[in-house]
$ cat model38.cif   # mmCIF, C-alpha atoms
data_query
#
loop_
_atom_site.group_PDB
_atom_site.id
_atom_site.type_symbol
_atom_site.label_atom_id
_atom_site.label_comp_id
_atom_site.auth_asym_id
_atom_site.auth_seq_id
_atom_site.Cartn_x
_atom_site.Cartn_y
_atom_site.Cartn_z
ATOM 1 C CA ILE A 1 -209.685 105.605 161.980
ATOM 2 C CA GLN A 2 -211.464 105.240 165.266
ATOM 3 C CA SER A 3 -214.931 106.465 166.168
ATOM 4 C CA GLY A 4 -213.646 109.249 168.447
ATOM 5 C CA GLU A 5 -211.814 110.843 165.534
ATOM 6 C CA LEU A 6 -214.976 110.675 163.413
ATOM 7 C CA SER A 7 -217.026 112.401 166.100
ATOM 8 C CA LYS A 8 -214.513 115.250 166.403
ATOM 9 C CA MET A 9 -214.203 115.645 162.664
ATOM 10 C CA GLN A 10 -217.945 115.904 162.080
ATOM 11 C CA LYS A 11 -218.129 119.250 163.891
ATOM 12 C CA THR A 12 -216.281 120.923 161.032
ATOM 13 C CA SER A 13 -217.417 118.927 157.981
ATOM 14 C CA GLY A 14 -220.354 116.820 156.765
ATOM 15 C CA LYS A 15 -222.982 115.233 158.979
ATOM 16 C CA LEU A 16 -223.854 111.556 159.289
ATOM 17 C CA PHE A 17 -227.502 110.450 159.013
ATOM 18 C CA VAL A 18 -228.533 106.852 159.706
ATOM 19 C CA ILE A 19 -231.826 105.725 158.170
ATOM 20 C CA SER A 20 -233.292 102.441 159.311
ATOM 21 C CA GLY A 21 -236.570 100.571 159.570
ATOM 22 C CA PRO A 22 -238.131 97.271 158.536
ATOM 23 C CA SER A 23 -237.417 95.799 155.129
ATOM 24 C CA GLY A 24 -240.070 96.843 152.606
ATOM 25 C CA VAL A 25 -241.001 100.092 154.365
ATOM 26 C CA GLY A 26 -239.724 102.207 151.449
ATOM 27 C CA LYS A 27 -236.441 103.530 152.877
ATOM 28 C CA GLY A 28 -234.638 103.283 149.538
ATOM 29 C CA THR A 29 -237.363 105.088 147.600
ATOM 30 C CA ILE A 30 -237.495 107.982 150.100
ATOM 31 C CA ILE A 31 -233.701 108.299 150.113
ATOM 32 C CA HIS A 32 -233.451 108.325 146.303
ATOM 33 C CA LYS A 33 -236.102 111.064 146.060
ATOM 34 C CA LEU A 34 -234.147 113.085 148.633
ATOM 35 C CA LEU A 35 -230.809 112.596 146.820
ATOM 36 C CA GLU A 36 -232.287 113.843 143.531
ATOM 37 C CA LYS A 37 -232.770 117.269 145.138
ATOM 38 C CA ASN A 38 -229.629 117.314 147.309
ATOM 39 C CA PRO A 39 -226.322 116.879 145.451
ATOM 40 C CA ASN A 40 -224.442 117.607 148.692
ATOM 41 C CA ILE A 41 -225.788 114.412 150.308
ATOM 42 C CA LYS A 42 -224.193 111.071 149.443
ATOM 43 C CA LEU A 43 -225.494 107.550 150.036
ATOM 44 C CA SER A 44 -223.034 105.158 151.630
ATOM 45 C CA ILE A 45 -222.344 101.885 149.828
ATOM 46 C CA SER A 46 -222.345 98.875 152.152
ATOM 47 C CA ALA A 47 -220.249 95.738 151.852
ATOM 48 C CA THR A 48 -222.119 92.424 151.747
ATOM 49 C CA THR A 49 -221.424 88.721 151.378
ATOM 50 C CA ARG A 50 -224.718 88.032 149.582
ATOM 51 C CA ALA A 51 -224.815 87.408 145.839
ATOM 52 C CA PRO A 52 -225.758 90.349 143.597
ATOM 53 C CA ARG A 53 -229.341 90.499 142.316
ATOM 54 C CA PRO A 54 -229.730 90.721 138.497
ATOM 55 C CA HIS A 55 -229.952 94.550 138.385
ATOM 56 C CA GLU A 56 -227.179 95.220 140.935
ATOM 57 C CA THR A 57 -223.638 96.440 140.184
ATOM 58 C CA ASP A 58 -220.566 95.959 142.360
ATOM 59 C CA GLY A 59 -219.329 99.279 143.760
ATOM 60 C CA VAL A 60 -222.639 100.993 142.933
ATOM 61 C CA ASP A 61 -225.307 99.091 144.885
ATOM 62 C CA TYR A 62 -222.972 97.197 147.245
ATOM 63 C CA TYR A 63 -219.391 96.077 147.527
ATOM 64 C CA PHE A 64 -219.850 92.335 147.001
ATOM 65 C CA ILE A 65 -217.103 90.529 148.922
ATOM 66 C CA SER A 66 -216.362 87.011 150.151
ATOM 67 C CA ARG A 67 -217.201 85.798 153.643
ATOM 68 C CA ASP A 68 -213.477 85.391 154.392
ATOM 69 C CA ASN A 69 -212.762 88.997 153.410
ATOM 70 C CA PHE A 70 -215.669 90.218 155.524
ATOM 71 C CA THR A 71 -214.523 88.381 158.673
ATOM 72 C CA LYS A 72 -211.032 89.818 158.088
ATOM 73 C CA LEU A 73 -212.516 93.353 158.040
ATOM 74 C CA ILE A 74 -214.278 92.647 161.361
ATOM 75 C CA LYS A 75 -211.034 91.419 162.974
ATOM 76 C CA GLU A 76 -209.102 94.437 161.685
ATOM 77 C CA ASP A 77 -211.795 96.862 163.007
ATOM 78 C CA LYS A 78 -212.320 98.391 159.557
ATOM 79 C CA LEU A 79 -216.130 98.414 159.838
ATOM 80 C CA ALA A 80 -218.120 101.106 161.658
ATOM 81 C CA GLU A 81 -221.044 98.665 161.865
ATOM 82 C CA TRP A 82 -221.947 95.205 160.690
ATOM 83 C CA ALA A 83 -224.739 92.677 161.058
ATOM 84 C CA GLU A 84 -225.677 89.217 159.853
ATOM 85 C CA PHE A 85 -229.060 88.643 158.254
ATOM 86 C CA SER A 86 -230.425 85.575 156.452
ATOM 87 C CA GLY A 87 -226.954 84.000 156.538
ATOM 88 C CA ASN A 88 -225.219 87.003 154.928
ATOM 89 C CA TYR A 89 -223.052 89.771 156.384
ATOM 90 C CA TYR A 90 -223.635 93.485 155.757
ATOM 91 C CA GLY A 91 -221.390 96.318 156.939
ATOM 92 C CA THR A 92 -220.084 99.875 156.451
ATOM 93 C CA TYR A 93 -216.420 100.767 156.010
ATOM 94 C CA TYR A 94 -215.027 103.396 158.396
ATOM 95 C CA ASP A 95 -213.144 104.823 155.401
ATOM 96 C CA THR A 96 -216.381 105.470 153.484
ATOM 97 C CA ILE A 97 -217.756 107.560 156.358
ATOM 98 C CA ASN A 98 -214.479 109.343 157.052
ATOM 99 C CA ASN A 99 -213.669 110.265 153.440
ATOM 100 C CA THR A 100 -217.188 111.500 152.622
ATOM 101 C CA LEU A 101 -217.530 113.700 155.715
ATOM 102 C CA GLN A 102 -213.990 115.015 155.344
ATOM 103 C CA ASN A 103 -214.833 116.151 151.804
ATOM 104 C CA GLY A 104 -217.692 118.243 153.186
ATOM 105 C CA TYR A 105 -220.572 116.017 152.071
ATOM 106 C CA ASP A 106 -223.357 114.772 154.315
ATOM 107 C CA LEU A 107 -223.689 111.000 154.311
ATOM 108 C CA ILE A 108 -226.715 108.730 154.608
ATOM 109 C CA LEU A 109 -226.328 105.172 155.845
ATOM 110 C CA GLU A 110 -229.311 102.979 154.959
ATOM 111 C CA ILE A 111 -228.756 100.077 157.347
ATOM 112 C CA GLU A 112 -230.422 97.480 159.573
ATOM 113 C CA VAL A 113 -231.456 98.450 163.104
ATOM 114 C CA LYS A 114 -228.598 96.418 164.679
ATOM 115 C CA GLY A 115 -226.095 98.394 162.636
ATOM 116 C CA ALA A 116 -227.787 101.673 163.561
ATOM 117 C CA MET A 117 -227.367 100.850 167.262
ATOM 118 C CA GLN A 118 -223.649 100.204 166.684
ATOM 119 C CA ILE A 119 -223.269 103.580 164.948
ATOM 120 C CA LYS A 120 -225.113 105.271 167.833
ATOM 121 C CA ASN A 121 -222.547 103.859 170.271
ATOM 122 C CA LYS A 122 -219.470 104.549 168.150
ATOM 123 C CA ILE A 123 -220.402 107.902 166.587
ATOM 124 C CA PRO A 124 -222.694 109.768 169.026
ATOM 125 C CA SER A 125 -222.997 112.792 166.697
ATOM 126 C CA ALA A 126 -224.813 110.658 164.073
ATOM 127 C CA VAL A 127 -228.523 111.454 163.597
ATOM 128 C CA LEU A 128 -230.726 108.329 163.655
ATOM 129 C CA ILE A 129 -234.031 108.309 161.708
ATOM 130 C CA PHE A 130 -236.465 105.369 161.783
ATOM 131 C CA ILE A 131 -238.943 104.843 158.931
ATOM 132 C CA LEU A 132 -242.231 103.204 159.971
ATOM 133 C CA PRO A 133 -244.912 101.556 157.825
ATOM 134 C CA PRO A 134 -248.501 102.874 158.178
ATOM 135 C CA SER A 135 -249.439 99.418 159.560
ATOM 136 C CA PHE A 136 -248.194 95.839 159.883
ATOM 137 C CA ASP A 137 -250.613 94.716 157.141
ATOM 138 C CA GLU A 138 -249.305 97.346 154.740
ATOM 139 C CA LEU A 139 -245.720 96.246 155.434
ATOM 140 C CA GLN A 140 -246.642 92.633 154.654
ATOM 141 C CA LYS A 141 -248.307 93.744 151.402
ATOM 142 C CA ARG A 142 -245.235 95.767 150.319
ATOM 143 C CA LEU A 143 -242.819 92.929 151.080
ATOM 144 C CA THR A 144 -244.904 90.405 149.145
ATOM 145 C CA GLY A 145 -245.448 92.801 146.238
ATOM 146 C CA ARG A 146 -241.787 93.468 145.459
ATOM 147 C CA ASN A 147 -241.072 89.772 144.634
ATOM 148 C CA THR A 148 -237.409 89.826 145.757
ATOM 149 C CA GLU A 149 -237.629 87.411 148.705
ATOM 150 C CA LYS A 150 -238.965 83.917 149.222
ATOM 151 C CA THR A 151 -242.014 83.410 151.480
ATOM 152 C CA GLU A 152 -239.794 82.136 154.297
ATOM 153 C CA GLU A 153 -237.593 85.257 154.157
ATOM 154 C CA ILE A 154 -240.675 87.512 154.235
ATOM 155 C CA LYS A 155 -241.954 85.683 157.342
ATOM 156 C CA GLN A 156 -238.540 86.129 158.946
ATOM 157 C CA ARG A 157 -238.467 89.856 158.173
ATOM 158 C CA LEU A 158 -241.985 90.361 159.570
ATOM 159 C CA ALA A 159 -241.084 88.415 162.711
ATOM 160 C CA ILE A 160 -238.188 90.744 163.543
ATOM 161 C CA PHE A 161 -240.291 93.883 162.953
ATOM 162 C CA GLU A 162 -241.549 93.851 166.569
ATOM 163 C CA ASP A 163 -238.003 93.903 167.887
ATOM 164 C CA GLU A 164 -237.048 96.638 165.412
ATOM 165 C CA TYR A 165 -240.067 98.696 166.440
ATOM 166 C CA ALA A 166 -239.036 98.451 170.106
ATOM 167 C CA LYS A 167 -235.583 99.797 169.161
ATOM 168 C CA SER A 168 -237.123 102.691 167.202
ATOM 169 C CA PHE A 169 -237.554 104.598 170.474
ATOM 170 C CA GLU A 170 -233.759 104.904 170.665
ATOM 171 C CA PHE A 171 -233.710 106.868 167.380
ATOM 172 C CA ASN A 172 -233.689 110.679 167.195
ATOM 173 C CA TYR A 173 -236.645 110.819 164.789
ATOM 174 C CA LYS A 174 -239.447 108.623 163.433
ATOM 175 C CA ILE A 175 -241.182 109.084 160.070
ATOM 176 C CA THR A 176 -244.283 107.126 158.984
ATOM 177 C CA ASN A 177 -244.165 106.372 155.256
ATOM 178 C CA ASP A 178 -247.861 106.626 154.463
ATOM 179 C CA ASN A 179 -247.369 109.098 151.604
ATOM 180 C CA LEU A 180 -244.035 109.059 149.758
ATOM 181 C CA ASP A 181 -243.836 112.800 149.021
ATOM 182 C CA GLU A 182 -244.776 113.752 152.585
ATOM 183 C CA ALA A 183 -242.281 111.289 154.084
ATOM 184 C CA THR A 184 -239.514 112.653 151.816
ATOM 185 C CA GLU A 185 -240.399 116.242 152.767
ATOM 186 C CA GLU A 186 -240.290 115.317 156.458
ATOM 187 C CA LEU A 187 -236.836 113.771 156.010
ATOM 188 C CA GLN A 188 -235.675 116.908 154.178
ATOM 189 C CA LYS A 189 -236.867 119.093 157.076
ATOM 190 C CA ILE A 190 -235.065 116.915 159.648
ATOM 191 C CA ILE A 191 -231.787 117.106 157.706
ATOM 192 C CA SER A 192 -232.078 120.890 157.235
ATOM 193 C CA ARG A 193 -232.801 121.349 160.963
ATOM 194 C CA GLU A 194 -229.882 119.154 162.009
ATOM 195 C CA LYS A 195 -227.507 120.971 159.628
ATOM 196 C CA GLN A 196 -228.277 124.219 161.462
ATOM 197 C CA ASN A 197 -227.283 122.746 164.851
#
$ encode --input "model38.cif" --output "C-alpha cells"
Amino acid sequence: IQSGELSKMQKTSGKLFVISGPSGVGKGTIIHKLLEKNPNIKLSISATTRAPRPHETDGVDYYFISRDNFTKLIKEDKLAEWAEFSGNYYGTYYDTINNTLQNGYDLILEIEVKGAMQIKNKIPSAVLIFILPPSFDELQKRLTGRNTEKTEEIKQRLAIFEDEYAKSFEFNYKITNDNLDEATEELQKIISREKQN
C-alpha cells in the first residue's frame, strides 16, 4: 500500500490525525481523555525495538519487535514513518493506517516530530497537531516527575525540544497544554472542524 492510495482513500473514509510534541508534554493523557468520549477514533499502535516497561503489553501499548525485524520492515517499505531515538527504532505500519481508515474510523498517530514530517510528505491529507508545554521549565518538571527516564535521557529530550519547536510551525495546529481539560477540548474542536471539511 503506497501513500498515494492512502491519500485517495481518505476522502471517502476515516481521517488521519498526527499528534506530536516533546516527550513529557502530556500528549498521551490528552489523547486518552479524547478517546474516552469518541469511540469512532482509534489510537495507532507503533512498532518499537525498545524493551517493554513493566506495565506495557505487546500489541496493546506497542508491537515489540527485534531490531532485525524492524530493519526488514524499512527495506520492504512497510512503514509509513519511522525514527530512531535513544538507540531504539519506532515506526507505524502502513497496514494499521490503511485498515483503520478503510473501516471508517478516524486514526490518531502519537509520534515523534521526525515521524510526523514523514507522514506530512507521504500522506498530505493527514492533519498535524503539535502539543506545546506552557514553558521549558514546566516541561523539565514533568519529565523529571514521571520517573521513567534516566537523567541523561531527560537531558537529551530537553536538548532536542528546540529543534522540535522549530518544526512545530510546519504543523496545521498548535495546542498549549497548560490545562488538561482545555487542551482536550481544543483537540476535540480541531477534529470536529476537520471532519466537516
$ closest_residue --input "model38.cif" --among "A:Leu35, A:Ala166, A:Ile19, A:Ile41" --to "Gly115 of chain A" --atoms "all atoms listed in the file"
A:Ile19
$ residues_around --input "model38.cif" --residues "Lys78 of chain A" --least-positions-apart "2" --cutoff "10 Å" --atoms "only C-alpha atoms" --output "list in words"
Ile1, Gln2, Phe70, Lys72, Leu73, Ile74, Lys75, Glu76, Ala80, Glu81, Gly91, Thr92, Tyr93, Tyr94 and Asp95 of chain A
$ closest_residue --input "model38.cif" --among "A:Lys122, A:Arg142, A:Lys155, A:Lys42" --to "Phe17 of chain A" --atoms "only C-alpha atoms"
A:Lys42
$ residues_around --input "model38.cif" --residues "Leu143 of chain A" --least-positions-apart "3" --cutoff "12 Å" --atoms "all atoms listed in the file" --output "MDAnalysis selection string"
chainID A and resid 22:26 133 136:140 146:158
$ resolve_selection --input "model38.cif" --expression "the PyMOL selection byres ((chain A and resi 87) around 12)" --output "PDB file with C-alpha atoms, in the coordinates of the input"
ATOM      1  CA  THR A  48    -222.119  92.424 151.747  1.00  0.00           C
ATOM      2  CA  THR A  49    -221.424  88.721 151.378  1.00  0.00           C
ATOM      3  CA  ARG A  50    -224.718  88.032 149.582  1.00  0.00           C
ATOM      4  CA  ALA A  51    -224.815  87.408 145.839  1.00  0.00           C
ATOM      5  CA  ARG A  67    -217.201  85.798 153.643  1.00  0.00           C
ATOM      6  CA  ALA A  83    -224.739  92.677 161.058  1.00  0.00           C
ATOM      7  CA  GLU A  84    -225.677  89.217 159.853  1.00  0.00           C
ATOM      8  CA  PHE A  85    -229.060  88.643 158.254  1.00  0.00           C
ATOM      9  CA  SER A  86    -230.425  85.575 156.452  1.00  0.00           C
ATOM     10  CA  ASN A  88    -225.219  87.003 154.928  1.00  0.00           C
ATOM     11  CA  TYR A  89    -223.052  89.771 156.384  1.00  0.00           C
ATOM     12  CA  TYR A  90    -223.635  93.485 155.757  1.00  0.00           C
ATOM     13  CA  GLU A 153    -237.593  85.257 154.157  1.00  0.00           C
TER      14      GLU A 153
END
$ atom_distance --input "model38.cif" --atom1 "atom CA of Leu187 of chain A" --atom2 "atom CA of Glu112 of chain A"
17.9 Å
$ resolve_selection --input "model38.cif" --expression "the PyMOL selection byres ((chain A and resi 172) around 10)" --output "PyMOL selection string"
chain A and resi 18+126-130+168-171+173-174+190
$ closest_residue --input "model38.cif" --among "A:Lys37, A:Lys189, A:Lys195, A:His55" --to "Ser13 of chain A" --atoms "all atoms listed in the file"
A:Lys195
$ resolve_selection --input "model38.cif" --expression "the PyMOL selection byres ((chain A and resi 14) around 10)" --output "list in words"
Met9, Gln10, Lys11, Thr12, Ser13, Lys15, Leu16, Phe17, Asn40, Ile41, Ile97, Asn98, Asn99, Thr100, Leu101, Gln102, Asn103, Gly104, Tyr105, Asp106, Leu107 and Lys195 of chain A
$ atom_distance --input "model38.cif" --atom1 "atom CA of Glu194 of chain A" --atom2 "atom CA of Pro124 of chain A"
13.7 Å
$ closest_residue --input "model38.cif" --among "A:Lys141, A:Lys27, A:Lys114, A:Lys167" --to "Thr184 of chain A" --atoms "all atoms listed in the file"
A:Lys27
$ atom_distance --input "model38.cif" --atom1 "atom CA of Trp82 of chain A" --atom2 "atom CA of Ile175 of chain A"
23.7 Å
$ axis_aligned_box --input "model38.cif" --around "segment 63-74 of chain A" --padding-each-side "6 Å" --output "lines of an AutoDock Vina configuration file"
center_x = -215.4
center_y = 90.7
center_z = 154.2
size_x = 20.8
size_y = 22.7
size_z = 26.4
$ closest_residue --input "model38.cif" --among "A:Ile108, A:Ile119, A:Ile131, A:Val113" --to "Asp163 of chain A" --atoms "all atoms listed in the file"
A:Val113
$ build_atoms --input "model38.cif" --residues "segment 70-81 of chain A" --atoms "all heavy atoms" --output "compact mmCIF listing (two decimals), in the frame of the given file"
# COMPACT_ATOMS: atom_id res chain seq x y z
N PHE A 70 -214.83 89.49 154.58
CA PHE A 70 -215.67 90.22 155.52
C PHE A 70 -215.20 89.96 156.96
O PHE A 70 -215.07 90.90 157.75
CB PHE A 70 -217.14 89.83 155.36
CG PHE A 70 -218.08 90.86 155.92
CD1 PHE A 70 -218.74 91.75 155.09
CD2 PHE A 70 -218.31 90.96 157.29
CE1 PHE A 70 -219.61 92.71 155.60
CE2 PHE A 70 -219.17 91.91 157.82
CZ PHE A 70 -219.83 92.79 156.96
N THR A 71 -214.95 88.70 157.30
CA THR A 71 -214.52 88.38 158.67
C THR A 71 -213.16 89.01 158.98
O THR A 71 -212.89 89.41 160.09
CB THR A 71 -214.48 86.86 158.92
OG1 THR A 71 -213.74 86.23 157.88
CG2 THR A 71 -215.87 86.27 158.96
N LYS A 72 -212.33 89.15 157.92
CA LYS A 72 -211.03 89.82 158.09
C LYS A 72 -211.24 91.31 158.44
O LYS A 72 -210.57 91.87 159.30
CB LYS A 72 -210.24 89.69 156.78
CG LYS A 72 -208.77 90.03 156.91
CD LYS A 72 -208.04 89.78 155.60
CE LYS A 72 -206.65 90.40 155.66
NZ LYS A 72 -206.15 90.81 154.36
N LEU A 73 -212.20 91.94 157.76
CA LEU A 73 -212.52 93.35 158.04
C LEU A 73 -212.99 93.54 159.48
O LEU A 73 -212.65 94.53 160.13
CB LEU A 73 -213.60 93.86 157.07
CG LEU A 73 -213.22 94.02 155.60
CD1 LEU A 73 -214.46 94.28 154.76
CD2 LEU A 73 -212.22 95.16 155.42
N ILE A 74 -213.79 92.58 159.98
CA ILE A 74 -214.28 92.65 161.36
C ILE A 74 -213.09 92.58 162.33
O ILE A 74 -212.96 93.40 163.24
CB ILE A 74 -215.28 91.51 161.67
CG1 ILE A 74 -216.55 91.67 160.82
CG2 ILE A 74 -215.65 91.49 163.16
CD1 ILE A 74 -217.49 90.47 160.85
N LYS A 75 -212.21 91.61 162.10
CA LYS A 75 -211.03 91.42 162.97
C LYS A 75 -210.12 92.64 162.98
O LYS A 75 -209.55 93.00 163.99
CB LYS A 75 -210.23 90.19 162.53
CG LYS A 75 -210.86 88.87 162.97
CD LYS A 75 -210.07 87.68 162.44
CE LYS A 75 -210.88 86.41 162.56
NZ LYS A 75 -210.45 85.38 161.63
N GLU A 76 -210.00 93.27 161.81
CA GLU A 76 -209.10 94.44 161.68
C GLU A 76 -209.79 95.75 162.09
O GLU A 76 -209.20 96.82 161.95
CB GLU A 76 -208.58 94.53 160.24
CG GLU A 76 -207.64 93.39 159.88
CD GLU A 76 -207.25 93.40 158.40
OE1 GLU A 76 -207.75 94.27 157.64
OE2 GLU A 76 -206.45 92.53 158.01
N ASP A 77 -211.03 95.69 162.57
CA ASP A 77 -211.80 96.86 163.01
C ASP A 77 -211.90 97.92 161.91
O ASP A 77 -211.72 99.11 162.14
CB ASP A 77 -211.19 97.46 164.29
CG ASP A 77 -212.15 98.43 164.97
OD1 ASP A 77 -213.38 98.26 164.80
OD2 ASP A 77 -211.69 99.36 165.65
N LYS A 78 -212.20 97.46 160.69
CA LYS A 78 -212.32 98.39 159.56
C LYS A 78 -213.77 98.74 159.28
O LYS A 78 -214.07 99.48 158.34
CB LYS A 78 -211.70 97.76 158.30
CG LYS A 78 -210.20 97.50 158.47
CD LYS A 78 -209.41 98.00 157.28
CE LYS A 78 -207.92 97.95 157.56
NZ LYS A 78 -207.20 97.21 156.54
N LEU A 79 -214.70 98.17 160.07
CA LEU A 79 -216.13 98.41 159.84
C LEU A 79 -216.74 99.22 160.99
O LEU A 79 -216.55 98.88 162.15
CB LEU A 79 -216.88 97.09 159.69
CG LEU A 79 -216.45 96.20 158.51
CD1 LEU A 79 -217.13 94.84 158.59
CD2 LEU A 79 -216.75 96.86 157.17
N ALA A 80 -217.46 100.28 160.64
CA ALA A 80 -218.12 101.11 161.66
C ALA A 80 -219.32 100.37 162.23
O ALA A 80 -219.72 100.59 163.37
CB ALA A 80 -218.56 102.43 161.05
N GLU A 81 -219.92 99.51 161.41
CA GLU A 81 -221.04 98.66 161.86
C GLU A 81 -221.12 97.46 160.97
O GLU A 81 -220.68 97.49 159.82
CB GLU A 81 -222.37 99.45 161.84
CG GLU A 81 -222.81 99.97 160.48
CD GLU A 81 -223.49 98.94 159.60
OE1 GLU A 81 -224.09 97.99 160.13
OE2 GLU A 81 -223.42 99.08 158.36
